[in-house]
Structure formats: C-alpha cells, structure tokens
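Participant: Below is the file run_13.txt, with compact mmCIF, C-alpha atoms.
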```txt
# COMPACT_ATOMS: atom_id res chain seq x y z
CA MET A 1110 -44.20 18.15 66.71
CA GLU A 1111 -43.91 15.63 63.94
CA ASN A 1112 -42.42 12.35 65.01
CA SER A 1113 -39.30 11.69 62.89
CA ARG A 1114 -39.92 7.98 63.35
CA SER A 1115 -43.37 8.18 61.80
CA PRO A 1116 -43.64 6.41 58.44
CA PHE A 1117 -45.25 9.59 57.08
CA PHE A 1118 -42.08 11.55 57.87
CA GLY A 1119 -40.05 9.48 55.40
CA VAL A 1120 -42.72 9.78 52.73
CA ARG A 1121 -42.93 13.58 53.09
CA LYS A 1122 -39.15 13.92 53.01
CA ARG A 1123 -38.90 11.88 49.81
CA ARG A 1124 -41.75 13.92 48.29
CA ARG A 1125 -39.96 17.21 49.07
CA LEU A 1126 -36.71 15.89 47.60
CA PHE A 1127 -38.57 14.74 44.51
CA GLU A 1128 -40.27 18.15 44.11
CA ARG A 1129 -36.91 19.94 44.37
CA TYR A 1130 -35.49 17.56 41.78
CA ILE A 1131 -38.39 18.29 39.40
CA GLN A 1132 -37.89 22.04 39.90
CA ARG A 1133 -34.18 21.74 39.05
CA LEU A 1134 -35.03 19.72 35.96
CA GLU A 1135 -37.57 22.32 34.84
CA ARG A 1136 -35.04 25.14 35.29
CA PHE A 1137 -32.41 23.17 33.38
CA PHE A 1138 -34.64 22.33 30.43
CA SER A 1139 -36.14 25.82 30.37
CA ASP A 1140 -32.64 27.25 29.99
CA LEU A 1141 -31.72 24.57 27.47
CA SER A 1142 -34.87 25.27 25.43
CA PHE A 1143 -34.05 28.98 25.38
CA ARG A 1144 -30.49 28.29 24.18
CA TYR A 1145 -31.81 25.92 21.52
CA ARG A 1146 -34.22 28.55 20.19
CA VAL A 1147 -31.45 31.15 20.11
CA ALA A 1148 -29.12 28.71 18.30
CA ASN A 1149 -31.81 27.99 15.72
CA GLU A 1150 -32.40 31.70 15.15
CA VAL A 1151 -28.66 32.29 14.70
CA LYS A 1152 -28.42 29.31 12.34
CA ARG A 1153 -31.35 30.55 10.24
CA TYR A 1154 -29.65 33.90 9.86
CA THR A 1155 -26.13 32.63 9.13
CA ASP A 1156 -27.39 29.96 6.70
CA ARG A 1157 -28.32 32.77 4.34
CA PHE A 1158 -24.56 33.19 3.90
CA LEU A 1159 -23.13 29.79 4.89
CA ALA A 1160 -25.85 27.25 3.87
CA SER A 1161 -24.49 24.84 6.50
CA ASP A 1162 -26.95 22.05 5.60
CA PHE A 1163 -26.37 22.27 1.86
CA ASN A 1164 -24.21 19.38 0.62
CA LEU A 1165 -23.73 18.54 -3.05
CA ILE A 1166 -22.89 14.89 -2.38
CA GLY A 1167 -25.87 14.35 -0.11
CA ILE A 1168 -28.31 15.79 -2.66
CA PHE A 1169 -27.54 12.99 -5.15
CA TYR A 1170 -27.61 10.09 -2.65
CA PRO A 1171 -24.62 8.38 -4.30
CA ASP A 1172 -24.46 4.61 -4.52
CA GLU A 1173 -21.32 2.48 -4.58
CA THR A 1174 -20.75 2.93 -8.33
CA ARG A 1175 -21.12 6.72 -8.16
CA ILE A 1176 -18.74 6.97 -5.21
CA SER A 1177 -16.17 4.90 -7.12
CA GLY A 1178 -16.63 7.24 -10.08
CA ILE A 1179 -16.03 10.30 -7.90
CA LEU A 1180 -12.90 8.77 -6.37
CA ALA A 1181 -11.57 7.79 -9.79
CA LEU A 1182 -12.20 11.29 -11.13
CA LEU A 1183 -10.27 12.83 -8.22
CA LEU A 1184 -7.38 10.37 -8.56
CA ASN A 1185 -7.09 10.85 -12.31
CA PRO A 1186 -4.21 13.27 -13.08
CA LYS A 1187 -6.11 14.29 -16.20
CA GLY A 1188 -9.43 14.68 -14.37
CA GLU A 1189 -11.76 17.64 -14.76
CA HIS A 1190 -10.72 18.96 -11.35
CA GLY A 1191 -7.78 20.65 -13.07
CA GLN A 1192 -5.34 19.97 -10.22
CA GLY A 1193 -3.15 17.55 -12.16
CA ASP A 1194 -1.60 14.78 -10.08
CA LEU A 1195 -2.02 16.65 -6.77
CA PHE A 1196 -4.80 14.43 -5.41
CA LEU A 1197 -3.19 11.16 -6.53
CA GLU A 1198 0.14 12.08 -4.97
CA GLU A 1199 -1.61 13.02 -1.73
CA PHE A 1200 -3.48 9.71 -1.87
CA VAL A 1201 -0.21 7.75 -2.12
CA ASN A 1202 1.34 9.82 0.68
CA THR A 1203 -1.68 9.04 2.87
CA LEU A 1204 -1.34 5.34 2.06
CA ARG A 1205 2.29 5.40 3.19
CA GLY A 1206 1.19 6.54 6.62
CA PHE A 1207 -1.26 3.64 6.97
CA LEU A 1208 0.77 0.71 5.67
CA LEU A 1209 2.74 -1.56 7.98
CA ASN A 1210 5.34 -1.76 5.22
CA PRO A 1211 5.33 1.26 2.84
CA THR A 1212 8.39 0.02 0.93
CA PRO A 1213 6.44 -1.00 -2.22
CA LEU A 1214 5.32 2.63 -2.65
CA GLU A 1215 8.80 4.14 -2.44
CA ASP A 1216 9.39 3.92 -6.20
CA LEU A 1217 6.20 5.83 -7.03
CA THR A 1218 7.38 9.24 -8.18
CA ASP A 1219 5.77 9.77 -11.60
CA PHE A 1220 2.11 10.44 -10.84
CA SER A 1221 1.21 12.53 -13.87
CA ALA A 1222 1.24 9.56 -16.28
CA ALA A 1223 -0.84 7.22 -14.08
CA LYS A 1224 -3.90 5.61 -15.67
CA VAL A 1225 -7.11 5.40 -13.62
CA SER A 1226 -9.95 3.03 -14.57
CA THR A 1227 -13.23 1.91 -12.99
CA GLU A 1228 -15.19 -1.35 -13.20
CA VAL A 1229 -12.18 -3.17 -14.63
CA SER A 1230 -13.16 -6.61 -15.96
CA THR A 1231 -10.92 -9.49 -14.94
CA ASP A 1232 -11.23 -13.26 -15.02
CA CYS A 1233 -12.20 -13.14 -11.34
CA GLY A 1234 -14.68 -10.26 -11.25
CA ARG A 1235 -14.63 -6.47 -11.58
CA LEU A 1236 -12.16 -4.22 -9.79
CA ASP A 1237 -13.94 -1.07 -8.63
CA ILE A 1238 -10.93 1.22 -9.23
CA LEU A 1239 -7.53 0.45 -10.71
CA VAL A 1240 -4.62 2.91 -10.76
CA GLU A 1241 -1.71 1.84 -12.99
CA PHE A 1242 1.64 3.62 -12.83
CA PRO A 1243 4.29 3.89 -15.58
CA ASN A 1244 6.76 1.77 -13.58
CA GLY A 1245 4.37 -1.22 -13.65
CA PHE A 1246 2.97 -0.82 -10.13
CA ALA A 1247 -0.81 -0.93 -9.55
CA ILE A 1248 -3.17 0.13 -6.79
CA ALA A 1249 -6.52 -1.69 -6.83
CA ILE A 1250 -9.37 -0.34 -4.70
CA GLU A 1251 -12.29 -2.47 -3.58
CA ASN A 1252 -14.95 0.04 -2.56
CA LYS A 1253 -17.53 -1.31 -0.09
CA PRO A 1254 -19.46 1.57 1.50
CA TRP A 1255 -22.38 -0.67 2.51
CA ALA A 1256 -22.31 -4.10 0.85
CA GLY A 1257 -20.38 -7.11 2.06
CA GLU A 1258 -17.92 -9.21 0.09
CA GLN A 1259 -18.59 -12.17 -2.11
CA PHE A 1260 -17.12 -15.58 -1.31
CA GLN A 1261 -13.30 -15.41 -1.57
CA GLN A 1262 -13.64 -12.16 -3.52
CA LEU A 1263 -10.43 -10.54 -2.28
CA GLU A 1264 -8.46 -13.77 -2.58
CA ARG A 1265 -9.43 -13.95 -6.25
CA TYR A 1266 -8.32 -10.35 -6.75
CA ILE A 1267 -5.01 -11.03 -5.05
CA LYS A 1268 -4.32 -13.94 -7.41
CA TYR A 1269 -5.15 -11.75 -10.41
CA LEU A 1270 -2.93 -8.89 -9.21
CA GLU A 1271 -0.03 -11.24 -8.43
CA LYS A 1272 -0.25 -12.74 -11.88
CA THR A 1273 -0.80 -9.49 -13.79
CA TYR A 1274 1.65 -7.20 -12.00
CA GLY A 1275 4.26 -9.67 -10.84
CA GLY A 1276 3.71 -8.96 -7.17
CA ARG A 1277 4.01 -5.17 -7.62
CA TYR A 1278 0.63 -4.01 -6.35
CA LEU A 1279 -1.42 -2.84 -3.41
CA LEU A 1280 -5.02 -3.89 -2.79
CA LEU A 1281 -6.96 -1.34 -0.75
CA PHE A 1282 -10.16 -2.54 0.91
CA LEU A 1283 -12.24 0.53 1.65
CA SER A 1284 -15.37 0.08 3.78
CA GLY A 1285 -17.96 2.68 4.72
CA SER A 1286 -17.84 1.94 8.42
CA LYS A 1287 -14.72 0.37 9.82
CA ARG A 1288 -14.89 -3.38 9.42
CA GLU A 1289 -12.44 -6.13 8.60
CA ALA A 1290 -12.33 -7.84 5.23
CA VAL A 1291 -13.63 -11.41 5.53
CA SER A 1292 -12.89 -12.85 2.08
CA LEU A 1293 -9.17 -13.24 2.85
CA SER A 1294 -7.88 -15.97 5.15
CA GLY A 1295 -6.22 -14.65 8.29
CA ASN A 1296 -2.77 -15.98 7.48
CA LEU A 1297 -2.81 -14.63 3.92
CA LYS A 1298 -4.07 -11.24 5.09
CA GLN A 1299 -1.28 -10.93 7.67
CA LYS A 1300 1.34 -11.95 5.12
CA LEU A 1301 0.11 -9.38 2.59
CA GLN A 1302 -0.02 -6.66 5.25
CA ARG A 1303 3.59 -7.38 6.25
CA GLU A 1304 4.59 -7.13 2.58
CA GLY A 1305 2.74 -3.84 2.09
CA LYS A 1306 0.36 -5.38 -0.44
CA PHE A 1307 -2.92 -5.10 1.45
CA LEU A 1308 -4.64 -2.44 3.53
CA GLU A 1309 -8.11 -2.47 5.07
CA THR A 1310 -9.44 0.86 6.24
CA SER A 1311 -12.60 2.97 6.21
CA TYR A 1312 -14.12 6.13 4.78
CA GLY A 1313 -13.82 8.02 8.06
CA GLU A 1314 -10.35 6.77 8.90
CA PHE A 1315 -8.75 7.18 5.46
CA LEU A 1316 -10.93 8.97 2.89
CA LYS A 1317 -12.04 11.89 5.03
CA PRO A 1318 -8.49 12.95 6.10
CA TRP A 1319 -7.29 12.54 2.49
CA LEU A 1320 -10.11 14.73 1.16
CA LEU A 1321 -9.39 17.45 3.72
CA LYS A 1322 -5.68 17.40 2.86
CA CYS A 1323 -6.60 17.73 -0.81
CA ALA A 1324 -8.94 20.61 -0.02
CA LYS A 1325 -6.14 22.38 1.82
CA GLU A 1326 -3.80 22.14 -1.19
CA CYS A 1327 -6.42 22.63 -3.92
CA GLU A 1328 -6.21 25.92 -5.84
CA SER A 1329 -9.77 25.88 -7.19
CA ASP A 1330 -12.50 27.25 -4.92
CA LYS A 1331 -15.15 25.22 -6.72
CA VAL A 1332 -13.26 21.94 -6.28
CA ARG A 1333 -12.26 22.81 -2.72
CA TRP A 1334 -15.90 23.18 -1.68
CA PHE A 1335 -16.72 19.88 -3.37
CA LEU A 1336 -13.95 18.09 -1.44
CA ARG A 1337 -15.17 19.56 1.84
CA ASP A 1338 -18.75 18.56 1.04
CA PHE A 1339 -17.57 15.02 0.32
CA ALA A 1340 -15.70 14.86 3.65
CA SER A 1341 -18.74 16.26 5.50
CA TRP A 1342 -21.05 13.74 3.82
CA ILE A 1343 -18.77 10.90 4.92
CA GLU A 1344 -18.85 12.12 8.52
CA LYS A 1345 -22.65 12.39 8.53
CA SER A 1346 -23.33 9.18 6.62
CA PHE A 1347 -20.97 6.81 8.41
CA GLY A 1348 -20.73 8.42 11.85
CA GLU A 1349 -17.11 7.67 12.61
CA VAL A 1350 -15.17 9.78 15.06
```
Would you mind writing the file out in structure tokens?
Facilitator:
Amino acid sequence: MENSRSPFFGVRKRRRLFERYIQRLERFFSDLSFRYRVANEVKRYTDRFLASDFNLIGIFYPDETRISGILALLLNPKGEHGQGDLFLEEFVNTLRGFLLNPTPLEDLTDFSAAKVSTEVSTDCGRLDILVEFPNGFAIAIENKPWAGEQFQQLERYIKYLEKTYGGRYLLLFLSGSKREAVSLSGNLKQKLQREGKFLETSYGEFLKPWLLKCAKECESDKVRWFLRDFASWIEKSFGEV
C-alpha cells in the first residue's frame, strides 16, 4: 500500500489533478472550436444577404477633414440627404440632453434656415464646423477624432465666438475617444459649462446615439443605411461602450 506520507504521493496526486485539468481544457476548447466553425459557416451564408462586414465609411478611411465634411452635410438642412432639417433638429435635441444648462438652446426653433459651413477662417484659426441660426445663435464644433489641441486653441475660439455672436453660442469639443479638452483653463471651462456655452464629449457618447436616432427617423433607405454604417464605424474605430 502506498504511503500517503511519501513525497511521491503528493507528486502523483498533483500530476493526476493536472491531467484532469488538461482534459477539461481540451473538452472546452474542442467544443468552443466547433461552435466557432459553425458560427463562421452561418456568417458566410448570411453575409450573402446581410454583408455584415461591409461598411461604406470604413472603405474610405476618412480623416478628420472628411469626417467634418460628412457631419456638416448631415447637419445642413439643404443637404443632399433630402431630410430637410430633421438631422439638425435631432442634433440640437441631443445637445440639450448633454448640457448642464440647456437654456441657451431654448430659443432655437427655426432649423430650416440654418447655415452650415466647414473650415471657417477666423483671426484665431479655423473652425471645423460652424452652424449659424437665423436668430443670431451659433454652434461651433471642434472635431478631434485623433489629434490633440494646439496651445490655447479653444480659448482663442471662445474669444472669437464671444466677440462675433455676443455671447450667444455653444462650442462643442468632439473627440474620437473620450478625453477632456486641455486648451481651456479649468476655471473658464467650468464657467462656460455652467452657462451652457461649452460641451466636451466623444464620438461614442454623443455622435453614435445621434446617428442612430437620425436613422430611426430617416425616410430614405439609402441614407438610413449610411447613418447606421457611420454609427457602426464609430463603434469599431473608437471602441467605446
């Protein structure tokens, strides 16, 4: 009879436990491998009808300027999407839900006559997107999917917007992955946020939900698929949950 106090007894016991563990792992991964192969076969079949990996946005590898152009096109009430001011109104409604103080947006009711411009030259740099409303209010968007800010960039924009629109504006800082704007001093940023003049958010947090809301209301199948592709590209490219 084997002596349980023998040093070999402990070694053999550990070996048996290890062998059982390896066997369980092999069964688990064998099952997992089978499921993976089945899933791939199903995907290959359904992709003939669904093309789940096909994404218009991803094909063109858009840079910052192209993304700004796409956003401006969607926000433009006279844009080729043919949906009038639907997307712009939904954009403003989404903004209201994010702002600490949405009061400055309460007077925005006439969306159809809004003017949307890109790469707007100012004495302090170029605004990526500028939306000007008939009542004199403006929404400026600083689009930063990947790049960082220049020295005091947002502070310069704030001074320009204050001077040009008499304090009736909102500056939206839109980053690819969620990060805080660094070219505004902390005190100034907090003051502007309390006044409803500044919002920092991200593609996943703000743009994706807005695009999906637009897709839900959009009456054009072609545009609806584009909006969903854009939202899917954001999720894949910036990995936010």
Participant: For Ile1168 (chain A), find every residue with an atom within 12 Å (counting all atoms listed in the file), except residues of its own chain fewer than 6 positions away, and show them as a compact mmCIF listing (two decimals) with C-alpha atoms, keeping the file's coordinate frame.
Facilitator:
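Result file is selection02.txt:
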```
# COMPACT_ATOMS: atom_id res chain seq x y z
CA ASP A 1162 -26.95 22.05 5.60
CA ASP A 1338 -18.75 18.56 1.04
CA PHE A 1339 -17.57 15.02 0.32
CA TRP A 1342 -21.05 13.74 3.82
```
Participant: Between A:Asp1330, A:Asp1237, A:Glu1264, A:Glu1344, single out the one closest to Glu1173 (chain A), counting only C-alpha atoms.
Facilitator: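 Once distances to Glu1173 (chain A) are computed over only C-alpha atoms, the minimum belongs to A:Asp1237.
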Participant: Looking at all atoms listed in the file, which of A:Glu1328, A:Glu1251, A:Glu1314, A:Glu1199 is the one that sits closest to Ile1176 (chain A)?
Facilitator: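 Checking each candidate against Ile1176 (chain A), we get A:Glu1251 as the closest.
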Participant: Rank nothing, just name the residue among A:Asn1244, A:Ser1226, A:Ser1142, A:Gln1259 nearest to Tyr1274 (chain A), using all atoms listed in the file.
Facilitator: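 Counting all atoms listed in the file, the residue closest to Tyr1274 (chain A) is A:Asn1244.
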Participant: What would the list of residues within 8 Å of (-5.6, -2.2, 8.1) (file frame) look like as a ChimeraX atom specification, if all atoms listed in the file are what count?
Facilitator: /A:1207-1208,1289,1302,1307-1310
Participant: Could you write those residues out with C-alpha atoms, as a tab-separated table (two decimals), in the frame of the given file?
Facilitator:
```tsv
chain	number	residue	atom	x	y	z
A	1207	PHE	CA	-1.26	3.64	6.97
A	1208	LEU	CA	0.77	0.71	5.67
A	1289	GLU	CA	-12.44	-6.13	8.60
A	1302	GLN	CA	-0.02	-6.66	5.25
A	1307	PHE	CA	-2.92	-5.10	1.45
A	1308	LEU	CA	-4.64	-2.44	3.53
A	1309	GLU	CA	-8.11	-2.47	5.07
A	1310	THR	CA	-9.44	0.86	6.24
```
Participant: Determine, counting only C-alpha atoms, every residue of protein, DNA or RNA that lies within 12 Å of (-6.6, 10.6, -11.4) in the file coordinates, then give the result as a PyMOL selection string.
Facilitator: chain A and resi 1177-1201+1220-1227+1238-1242+1248
Participant: Record the distance separating CA of Ile1166 (chain A) and CA of Leu1280 (chain A), expressed in Å with one decimal.
Facilitator: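 According to the coordinates, CA of Ile1166 (chain A) and CA of Leu1280 (chain A) are separated by 25.9 Å.
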